[in-house]
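Take a look at the structure set out below.
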Amino acid sequence: MTLDDADTPSPAPRFHTGKLPNSKTQDGKPRLLLMGQRRSGKSSISNVVFHKLPPSETLYLETTTKIKKESMHSFMDFQVWDLPGQFDYLDSAFDSAEIFSEIGALVWVIDAQDEYLEAITKLNATILKLQSTFPSINVEVFVHKVDGLSDDYRSDTYRDIVQRVQDELSDAGVENAPVSFYQTSIYDHSIFEAFSKVIQKLIPELPTLEALLNALCANCRIEKAYLFDIVSKIYIATDTSPTDIGSYEICSDYIDVIIDITEIYGKIPDPNEEFTNGAEQIGAKEVGNGPAESLITLEKKGNYLYLREVHQYLTLICILGDDSPTDRKGLIDYNVSVFEHALTQVFPR
Ligand SMILES: Nc1nc2c(ncn2[C@@H]2O[C@H](COP(=O)(O)OP(=O)(O)OP(=O)(O)O)[C@@H](O)[C@H]2O)c(=O)[nH]1
């Protein structure tokens, strides 16, 4: 498998932008805006996904009073802006060009446990405004806090919200606006899965990554392969075979286990490391550690899982199926090392 194998891109996802259409600087650093009514859960989402705050501790978060801007450094640098829910950003007092002109995606959070009609009205007003000024912005609607709803009520609420948004938009003459919907909760994996899909739309290299993962799966008889951002547990790409939330959950839990073990056993402080300019040393420098690698089998399902760190920020997780991979471990090792090499060309950092 070589990088050339990956040159046949899969069909572009419906709203895949690949680059920032509105960016003046074209620096490729997307900005994600978190918007929605007060107490809908914006700060909780940002803290749980990007700062590993345990979900139950979001109960103590104070209301956001000014725009909170954060930069995330990973395989791709991006910013997350948490906008307080109490302001009307369409008001002329706000410089809407400053807020919206450089964004990659607008994440609109609707509290599914609360009265949501006003939230929908505001969302539609924002979409209509953006349609006239920045029509290519992806709007990602999180129907949030679905954990508190019964299965039936959850699907009814979700359908009702989607229907109302689409009806109001088509009444206003806007068809096919780039709006996607997700059911989310910070108490399960759904918020990570939704963010994965939001971020994937902003990765120009996505078709190449998918083609590389497809080639890897085909060459090694792998059922499903995910490329995860280690810190946020967002998956930035997967092969194009159907994805189910169950396999994502297993892989995400697997990363947690590996990170815990690495934290206990993986770091050996380097005694020769010197402090530079009197700066504080944050974390010990790792010495003698190769990339993390692990192969496990799940007792209940009989599935084999393989994990390998393939980049400073990325890890590959493969679901190998239930036949023992020992006879093809050499094949997997070889193909994964080729994949790793290809990845350094995709993300040279
Ligand atoms: N049940 C449930 N509660 C949630 C979820 N996400 C957030 N919450 C709760 O919702 C409340 C409000 O969350 P915040 O993150 O402060 O809301 P916000 O949208 O940032 O609010 P403002 O800063 O006022 O705009 C907190 O008590 C959270 O614990 C969720 O997925 N499920």
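All residue names refer to the structure tokens as shown: chains lettered A, B, ... in order, residues numbered from 1 in each chain, ligands numbered from 1 in order.
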Could you produce a table of the residues of chain A lying within 6 Å of ligand 1, with the nearest pair of atoms per residue and their separation in Å rounded to one decimal, using only C-alpha atoms and all ligand atoms, ordered by chain and increasing residue number, as a tab-separated table?
```
residue	atom	partner	partner_atom_place_in_ligand_line	distance
A:Arg38	CA	ligand 1	25 (O)	3.8
A:Arg39	CA	ligand 1	21 (O)	3.4
A:Ser40	CA	ligand 1	19 (O)	4.0
A:Gly41	CA	ligand 1	17 (O)	3.4
A:Lys42	CA	ligand 1	19 (O)	3.9
A:Ser43	CA	ligand 1	15 (O)	3.7
A:Ser44	CA	ligand 1	15 (O)	3.6
A:Thr58	CA	ligand 1	29 (O)	4.2
A:Leu59	CA	ligand 1	29 (O)	3.7
A:Leu61	CA	ligand 1	16 (O)	5.2
A:Glu62	CA	ligand 1	16 (O)	5.8
A:Thr63	CA	ligand 1	23 (O)	3.6
A:Thr64	CA	ligand 1	23 (O)	3.6
A:Pro84	CA	ligand 1	25 (O)	4.2
A:Gly85	CA	ligand 1	25 (O)	3.7
A:His144	CA	ligand 1	31 (O)	5.7
A:Lys145	CA	ligand 1	32 (N)	3.6
A:Asp147	CA	ligand 1	32 (N)	5.8
A:Gly148	CA	ligand 1	1 (N)	5.6
A:Ser185	CA	ligand 1	31 (O)	3.4
A:Ile186	CA	ligand 1	31 (O)	4.0
A:Tyr187	CA	ligand 1	31 (O)	5.7
```
Could those selected residues go to a file with N, CA and C atoms, as an mmCIF file, in the first residue's frame?
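Listed below is the output, part36.cif:
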```
data_model
loop_
_atom_site.group_PDB
_atom_site.id
_atom_site.type_symbol
_atom_site.label_atom_id
_atom_site.label_comp_id
_atom_site.auth_asym_id
_atom_site.auth_seq_id
_atom_site.Cartn_x
_atom_site.Cartn_y
_atom_site.Cartn_z
ATOM 1 N N ARG A 38 -29.485 30.060 26.738
ATOM 2 C CA ARG A 38 -28.835 29.925 28.055
ATOM 3 C C ARG A 38 -29.105 28.531 28.614
ATOM 4 N N ARG A 39 -28.146 27.974 29.294
ATOM 5 C CA ARG A 39 -28.244 26.677 29.986
ATOM 6 C C ARG A 39 -28.528 25.501 29.047
ATOM 7 N N SER A 40 -28.294 25.709 27.744
ATOM 8 C CA SER A 40 -28.551 24.582 26.834
ATOM 9 C C SER A 40 -27.437 23.536 26.919
ATOM 10 N N GLY A 41 -26.262 23.940 27.411
ATOM 11 C CA GLY A 41 -25.196 22.950 27.606
ATOM 12 C C GLY A 41 -23.915 23.218 26.824
ATOM 13 N N LYS A 42 -23.729 24.433 26.319
ATOM 14 C CA LYS A 42 -22.563 24.743 25.473
ATOM 15 C C LYS A 42 -21.237 24.592 26.225
ATOM 16 N N SER A 43 -21.152 25.250 27.398
ATOM 17 C CA SER A 43 -19.879 25.186 28.145
ATOM 18 C C SER A 43 -19.618 23.751 28.600
ATOM 19 N N SER A 44 -20.672 23.036 28.945
ATOM 20 C CA SER A 44 -20.488 21.642 29.374
ATOM 21 C C SER A 44 -19.870 20.828 28.244
ATOM 22 N N THR A 58 -20.210 19.231 35.445
ATOM 23 C CA THR A 58 -20.737 20.385 34.697
ATOM 24 C C THR A 58 -21.892 21.039 35.454
ATOM 25 N N LEU A 59 -22.441 20.312 36.433
ATOM 26 C CA LEU A 59 -23.525 20.878 37.249
ATOM 27 C C LEU A 59 -23.068 22.147 37.949
ATOM 28 N N LEU A 61 -20.883 24.384 36.713
ATOM 29 C CA LEU A 61 -20.359 25.431 35.811
ATOM 30 C C LEU A 61 -21.210 26.684 35.943
ATOM 31 N N GLU A 62 -20.518 27.816 35.958
ATOM 32 C CA GLU A 62 -21.277 29.071 36.034
ATOM 33 C C GLU A 62 -21.666 29.527 34.649
ATOM 34 N N THR A 63 -22.685 30.366 34.585
ATOM 35 C CA THR A 63 -23.133 30.834 33.281
ATOM 36 C C THR A 63 -22.027 31.672 32.616
ATOM 37 N N THR A 64 -21.911 31.534 31.287
ATOM 38 C CA THR A 64 -20.860 32.254 30.566
ATOM 39 C C THR A 64 -21.342 33.692 30.329
ATOM 40 N N PRO A 84 -21.929 33.215 25.060
ATOM 41 C CA PRO A 84 -22.980 33.251 26.087
ATOM 42 C C PRO A 84 -24.363 33.225 25.450
ATOM 43 N N GLY A 85 -25.283 32.507 26.094
ATOM 44 C CA GLY A 85 -26.607 32.322 25.492
ATOM 45 C C GLY A 85 -27.520 33.530 25.584
ATOM 46 N N HIS A 144 -29.655 18.312 22.233
ATOM 47 C CA HIS A 144 -28.785 17.942 23.350
ATOM 48 C C HIS A 144 -29.583 17.527 24.598
ATOM 49 N N LYS A 145 -28.902 16.862 25.504
ATOM 50 C CA LYS A 145 -29.448 16.349 26.783
ATOM 51 C C LYS A 145 -30.479 15.256 26.533
ATOM 52 N N ASP A 147 -30.203 12.289 27.065
ATOM 53 C CA ASP A 147 -30.095 11.208 28.056
ATOM 54 C C ASP A 147 -31.298 11.158 28.988
ATOM 55 N N GLY A 148 -31.940 12.302 29.195
ATOM 56 C CA GLY A 148 -33.054 12.332 30.153
ATOM 57 C C GLY A 148 -34.376 11.898 29.537
ATOM 58 N N SER A 185 -25.482 13.859 24.083
ATOM 59 C CA SER A 185 -25.509 13.954 25.540
ATOM 60 C C SER A 185 -24.065 13.894 26.024
ATOM 61 N N ILE A 186 -23.760 14.644 27.077
ATOM 62 C CA ILE A 186 -22.394 14.563 27.612
ATOM 63 C C ILE A 186 -22.220 13.306 28.463
ATOM 64 N N TYR A 187 -23.323 12.601 28.756
ATOM 65 C CA TYR A 187 -23.234 11.426 29.632
ATOM 66 C C TYR A 187 -22.959 10.136 28.877
#
```
Any idea what's packed within 7 Å of Tyr182 of chain A, counting only C-alpha atoms, ignoring anything in its chain fewer than 2 positions away? Could you give it as a compact mmCIF listing (two decimals) with C-alpha atoms, in the first residue's frame?
```
# COMPACT_ATOMS: atom_id res chain seq x y z
CA VAL A 141 -27.57 21.30 15.30
CA PHE A 142 -27.04 19.31 18.51
CA VAL A 143 -30.38 18.13 19.92
CA SER A 180 -27.06 18.68 9.93
CA THR A 184 -26.18 14.31 21.84
CA ALA A 194 -21.13 14.15 16.86
```
Worksheet item: For Ser196 of chain A, which of A:Ala237, A:Leu209, A:Ile250, A:Ala218 is the closest residue, counting only C-alpha atoms?
Response: A:Ala237
Worksheet item: Of the candidates A:Thr344, A:Thr238, A:Ser170, A:Thr262, which shows the shortest atom-to-atom distance to Tyr226 of chain A, using only C-alpha atoms?
Response: A:Thr238
Write out as a PDB file with C-alpha atoms, in the first residue's frame the set of residues from segment 142-230 of chain A that DSSP, computed on the backbone, places in strand (DSSP E or B).
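Listing of selection-v4.pdb after writing:
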```pdb
ATOM      1  CA  PHE A 142     -27.043  19.314  18.511  1.00  0.00           C
ATOM      2  CA  VAL A 143     -30.377  18.133  19.920  1.00  0.00           C
ATOM      3  CA  HIS A 144     -28.785  17.942  23.350  1.00  0.00           C
ATOM      4  CA  VAL A 179     -27.679  22.042   8.214  1.00  0.00           C
ATOM      5  CA  SER A 180     -27.063  18.679   9.931  1.00  0.00           C
ATOM      6  CA  PHE A 181     -28.676  17.282  13.076  1.00  0.00           C
ATOM      7  CA  TYR A 182     -27.302  15.049  15.864  1.00  0.00           C
ATOM      8  CA  GLN A 183     -28.719  13.631  19.099  1.00  0.00           C
ATOM      9  CA  THR A 184     -26.178  14.306  21.845  1.00  0.00           C
ATOM     10  CA  LYS A 224     -13.221  -1.546  10.771  1.00  0.00           C
ATOM     11  CA  ALA A 225     -10.417   0.974  11.303  1.00  0.00           C
ATOM     12  CA  TYR A 226     -10.579   4.326  13.099  1.00  0.00           C
ATOM     13  CA  LEU A 227      -8.033   7.104  13.284  1.00  0.00           C
ATOM     14  CA  PHE A 228      -8.457   8.843  16.631  1.00  0.00           C
ATOM     15  CA  ASP A 229      -7.178  12.122  17.997  1.00  0.00           C
TER      16      ASP A 229
END
```
Worksheet item: Skipping near chain neighbours, those fewer than 3 positions away, what residues fall within 12 Å of Asp160 of chain A using only C-alpha atoms, listed as a PyMOL selection string?
Response: chain A and resi 112+116-117+120+143+153-157+163-167+181
Kindly export the residues of the current selection with C-alpha atoms, as a short mmCIF file (atom, residue, chain, number, x, y, z; two decimals), in the first residue's frame.
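Wrote again.cif, looks like this:
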```cif
data_model
loop_
_atom_site.label_atom_id
_atom_site.label_comp_id
_atom_site.auth_asym_id
_atom_site.auth_seq_id
_atom_site.Cartn_x
_atom_site.Cartn_y
_atom_site.Cartn_z
CA ALA A 112 -34.22 18.72 24.25
CA TYR A 116 -37.40 24.51 22.39
CA LEU A 117 -39.63 26.66 20.15
CA ILE A 120 -35.67 27.02 16.87
CA VAL A 143 -30.38 18.13 19.92
CA TYR A 153 -39.94 10.60 23.39
CA ARG A 154 -36.35 11.14 22.28
CA SER A 155 -37.08 10.15 18.65
CA ASP A 156 -40.31 12.19 18.62
CA THR A 157 -38.52 15.28 19.96
CA GLN A 163 -39.16 19.04 10.88
CA ARG A 164 -39.77 22.49 12.36
CA VAL A 165 -36.35 23.80 11.33
CA GLN A 166 -36.70 22.47 7.80
CA ASP A 167 -40.29 23.69 7.40
CA PHE A 181 -28.68 17.28 13.08
#
```
Practice prompt. Name the closest residue to Val310 of chain A among the candidates A:Cys217, A:Val338, A:Leu295, A:Val80; distances are taken between atoms, counting only C-alpha atoms.
Written response: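 Looking at the shortest contact to Val310 of chain A, the residue is A:Val338.
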